[in-house]
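Working notes, structure below.
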Amino acid sequence: MNYQVAIIGGGPAGYTAAEKAGKAGLSVILFEKEKIGGVCLNEGCIPTKTLLYSAKIYQQALESRHYAITIPEVSFDLKRMVARKNKTVRKLTLGVNNKLKLANVTLVEGTAEVIDAHTICCNEETYSFENLLICTGSTSIVPPIKGLDSIQYWTHKEALDVKELPQSLAIIGGGVIGMEFASLFNSLGVEVTVIERMSELLGSMDKELTARLREEYEKRKLTYLLDTEVTAVNAIEEDKIQVHYKQGDEENSLTASQLLLSVGRKPQLAKLGLDRLNFKRTNRGFIEVNKQLQSSYANIYICGDANGKSLLAHTAIREAEVAIHTILSKPDEMSYRAIPSVIYTNPEFAGVGETEESLQEQDISYKKVAIPLAYSGRFTAENERVNGVCKLLFSEDETLIGAHVLGNPASEIITLAGMAIELKLKAEEWGKIIFPHPTVGEIFKEALQ
């Protein structure tokens, strides 16, 4: 049978595209080799945030006396935390499957292989298509560390199904995933050490606020080793791992009960048969796409982590929308100007648009406004003994080009700034918007005064 839209990969990009195309009346087939929802729903965004929320509630209970609440004895049940995480994933997975069913999407379980620009083979069956969306996501990077293949270590997947807390945990990689797991296990009382080869954590996030977040977790006894390269690992006892590392010219080692590997992710395109097609590639080796997510084959779209542009679920969803709009002949194009990044630590950290570092690298002049979150009455009412920061960056003509927030609930308010950046609002224009009072979001209004 010939389908108007074929999709490989059932993660955020894939299931969004399938539902949207199906609702528009197109015939759609979706191939997924594992579970609908992809890494994000099954072993990434959703399960991680579910466990982090339990850890946050636990921390709030421990600190309840600061809010005039007395809780005589506080404890947590790890087994029930993991069970709740699994229940949440099942509930959301069922929801996605139901949406696909209502959109009349044909779902095929199995590994799909591209035969040519209009043919796919899966489970020894052949399917033809008019348009193809490759939404195969990404996979964890495993660095060539000596001894890694001879020990038992965790990736994010194993860390989410922990049955017993380790006494100590060494995390290789201080990016978003590494820091969220550091926050989780630190909150539950595990001795955590984060090893990062860069001079600061969290990659391209605002460095000033990243440093403040790091200092906050240092107060909570979380250890960081920056500018540090792991050279080798080995087991020294039945339940101990030795991590050898180098800082400058000095070599040293540490011992931990468990090792978590979190050095990043890369597009997952192997074994898809794509070598049969001569795609145009970028300088970094990714499949090149235009603003409509079309590859050098106009009927083949690369969406989500697979194109290597922005490895975030919300980016993938928008890219899928643009691709389907293009297939439906609706004018649309992808913009990467205002994609929010969020770190679900406690406190949360979120940013959108340019950072001071990115502007300095481009030699772009800018104006910076930074104020404490305590300027928000709502924040002050809900946060004892902690503060946060709101930083806004403006171009010379007062257009908002960057926003960064450290403090709860940064994840929920950053979209306000993202919209302003995407719409290219000037400070005066944004300042005319009425923010509800009291809310933490009105901190942006305060910063515009």
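For the structure tokens, the naming scheme is as follows: chains receive sequential letters (A, B, ...) according to their order of presentation, residues are indexed from 1 within each chain, and ligands are indexed from 1 in presentation order.
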- Task: Please identify which residues in segment 100-349 of chain A DSSP calls helix (DSSP H, G or I) from the backbone, and express them as number ranges by chain.
- Result: A: 100-102, 148-150, 156-160, 176-187, 207-219, 274-276, 304-307, 313-327
Please, could you write that set of residues out with C-alpha atoms as a compact mmCIF listing (two decimals), in the first residue's frame?
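Contents of the output file out.txt:
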# COMPACT_ATOMS: atom_id res chain seq x y z
CA LEU A 100 -2.58 7.98 17.09
CA LYS A 101 -5.51 5.61 16.95
CA LEU A 102 -8.00 8.47 16.76
CA LEU A 148 34.91 1.24 30.61
CA ASP A 149 34.06 -1.96 28.80
CA SER A 150 35.13 -4.06 31.78
CA HIS A 156 20.36 7.51 32.21
CA LYS A 157 18.32 4.38 31.51
CA GLU A 158 19.74 2.30 34.38
CA ALA A 159 19.74 5.28 36.75
CA LEU A 160 15.97 5.66 36.29
CA VAL A 176 21.89 18.88 31.58
CA ILE A 177 21.37 15.14 32.11
CA GLY A 178 24.34 14.81 34.45
CA MET A 179 23.24 17.74 36.59
CA GLU A 180 19.64 16.57 36.86
CA PHE A 181 20.76 13.16 38.09
CA ALA A 182 23.27 14.84 40.41
CA SER A 183 20.39 16.85 41.86
CA LEU A 184 18.19 13.76 42.22
CA PHE A 185 20.71 11.57 44.02
CA ASN A 186 22.12 14.42 46.10
CA SER A 187 18.60 15.19 47.35
CA LYS A 207 27.83 31.01 32.82
CA GLU A 208 27.13 33.54 35.57
CA LEU A 209 23.93 31.78 36.62
CA THR A 210 25.47 28.34 36.11
CA ALA A 211 28.16 29.28 38.63
CA ARG A 212 25.47 30.35 41.12
CA LEU A 213 23.66 27.03 40.70
CA ARG A 214 26.92 25.15 41.20
CA GLU A 215 27.64 27.12 44.37
CA GLU A 216 24.15 26.29 45.68
CA TYR A 217 24.80 22.57 45.27
CA GLU A 218 28.26 22.87 46.78
CA LYS A 219 26.47 24.00 49.95
CA LEU A 274 20.36 5.86 4.57
CA ASP A 275 23.68 5.10 2.89
CA ARG A 276 21.61 4.14 -0.15
CA GLY A 304 14.07 16.06 16.02
CA ASP A 305 17.40 14.88 17.40
CA ALA A 306 18.09 13.05 14.13
CA ASN A 307 19.10 16.30 12.39
CA ALA A 313 11.83 17.35 22.72
CA HIS A 314 10.06 20.70 22.33
CA THR A 315 12.25 21.55 19.33
CA ALA A 316 11.38 18.18 17.80
CA ILE A 317 7.65 18.82 18.20
CA ARG A 318 7.85 22.17 16.44
CA GLU A 319 10.03 20.74 13.64
CA ALA A 320 7.44 18.01 13.07
CA GLU A 321 4.70 20.63 12.82
CA VAL A 322 6.67 22.60 10.22
CA ALA A 323 7.33 19.44 8.16
CA ILE A 324 3.67 18.41 8.09
CA HIS A 325 2.56 21.97 7.29
CA THR A 326 4.95 21.90 4.33
CA ILE A 327 3.51 18.59 3.11
- Compile the contact shell of Glu237 of chain A as a list in words: residues with an atom at most 12 Å away, counting only C-alpha atoms, same-chain residues fewer than 5 positions apart removed. Ile151, Gln242, Thr255, Ala256, Ser257 and Gln258 of chain A
Go ahead and write the residues just picked, C-alpha atoms, as a PDB file, in the first residue's frame.
ATOM      1  CA  ILE A 151      32.904  -2.523  34.476  1.00  0.00           C
ATOM      2  CA  GLN A 242      37.982   3.657  40.794  1.00  0.00           C
ATOM      3  CA  THR A 255      36.439   5.807  44.418  1.00  0.00           C
ATOM      4  CA  ALA A 256      32.665   5.486  44.095  1.00  0.00           C
ATOM      5  CA  SER A 257      30.042   2.796  44.584  1.00  0.00           C
ATOM      6  CA  GLN A 258      28.509   3.521  41.187  1.00  0.00           C
TER       7      GLN A 258
END
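Taking only C-alpha atoms into account, Ser411 of chain A lies nearest to A:Lys49 out of the set A:Thr155, A:Lys49, A:Ala232, A:Thr106.
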- Would you mind telling me which residue in A:Gln167, A:Thr228, A:Asn86, A:Thr119 lies nearest to Ile7 of chain A when using only C-alpha atoms? A:Thr119
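Distance-wise, atom CA of Ala61 of chain A and atom CA of Glu73 of chain A end up 9.2 Å apart.
Compared by their closest atoms to Gly203 of chain A, and using only C-alpha atoms, the residues A:Val263, A:Cys122, A:Ala298, A:Cys135 rank with A:Val263 nearest.
When only C-alpha atoms are used to measure the gap to Leu416 of chain A, the shortest distance among A:Glu109, A:Asp206, A:Glu164, A:Glu442 belongs to A:Glu442.
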- For Cys303 of chain A, which residue out of A:Tyr15, A:Tyr366, A:Tyr3, A:Trp154 is the nearest one, using only C-alpha atoms? A:Tyr15
- Determine the nearest neighbour of Gly402 of chain A from the options A:Asn290, A:Gln360, A:Ser168, A:Thr355, counting only C-alpha atoms. A:Thr355
- Message: Just want the 12 Å neighbourhood of Asn383 of chain A, counted on only C-alpha atoms, with same-chain residues fewer than 6 positions away dropped. Output as an MDAnalysis selection string.
- Response: chainID A and resid 60 63:64 66:67 346:347 373:374 376:377 407:409 440
Residue set, segment 193-284 of chain A restricted to strand (DSSP E or B), as an mmCIF file with C-alpha atoms, in the first residue's frame:
data_model
loop_
_atom_site.group_PDB
_atom_site.id
_atom_site.type_symbol
_atom_site.label_atom_id
_atom_site.label_comp_id
_atom_site.auth_asym_id
_atom_site.auth_seq_id
_atom_site.Cartn_x
_atom_site.Cartn_y
_atom_site.Cartn_z
ATOM 1 C CA THR A 193 30.846 13.835 42.500
ATOM 2 C CA VAL A 194 30.420 15.397 39.044
ATOM 3 C CA ILE A 195 33.412 15.258 36.702
ATOM 4 C CA THR A 223 31.432 17.826 44.710
ATOM 5 C CA TYR A 224 32.566 19.096 41.298
ATOM 6 C CA LEU A 225 35.766 18.452 39.407
ATOM 7 C CA GLU A 229 39.441 14.582 31.983
ATOM 8 C CA VAL A 230 38.678 10.978 32.962
ATOM 9 C CA THR A 231 41.527 8.781 31.724
ATOM 10 C CA ALA A 232 40.547 5.325 32.967
ATOM 11 C CA VAL A 233 38.175 3.376 35.198
ATOM 12 C CA ASN A 234 38.483 0.019 36.916
ATOM 13 C CA ALA A 235 36.768 -2.115 39.533
ATOM 14 C CA ILE A 236 38.720 -2.418 42.768
ATOM 15 C CA GLU A 237 36.197 -4.309 44.862
ATOM 16 C CA LYS A 240 33.629 -0.130 44.194
ATOM 17 C CA ILE A 241 34.799 1.640 41.039
ATOM 18 C CA GLN A 242 37.982 3.657 40.794
ATOM 19 C CA VAL A 243 37.928 6.654 38.454
ATOM 20 C CA HIS A 244 41.281 7.985 37.275
ATOM 21 C CA TYR A 245 41.366 11.578 36.082
ATOM 22 C CA LYS A 246 43.698 14.352 35.017
ATOM 23 C CA GLN A 247 43.536 18.052 35.945
ATOM 24 C CA GLU A 250 48.155 16.470 37.847
ATOM 25 C CA GLU A 251 46.746 12.955 37.908
ATOM 26 C CA ASN A 252 44.524 11.598 40.647
ATOM 27 C CA SER A 253 41.672 9.194 41.306
ATOM 28 C CA LEU A 254 38.498 8.773 43.317
ATOM 29 C CA THR A 255 36.439 5.807 44.418
ATOM 30 C CA ALA A 256 32.665 5.486 44.095
ATOM 31 C CA GLN A 258 28.509 3.521 41.187
ATOM 32 C CA LEU A 259 29.424 5.296 37.947
ATOM 33 C CA LEU A 260 26.948 7.220 35.781
ATOM 34 C CA LEU A 261 27.980 8.071 32.235
ATOM 35 C CA ARG A 265 23.904 12.344 22.871
ATOM 36 C CA LYS A 266 24.233 12.001 19.091
ATOM 37 C CA PRO A 267 21.741 11.458 16.225
ATOM 38 C CA ARG A 281 25.661 16.800 4.656
#
- How many Å lie between atom CA of Glu356 of chain A and atom CA of His404 of chain A, rounded to one decimal? 10.2 Å
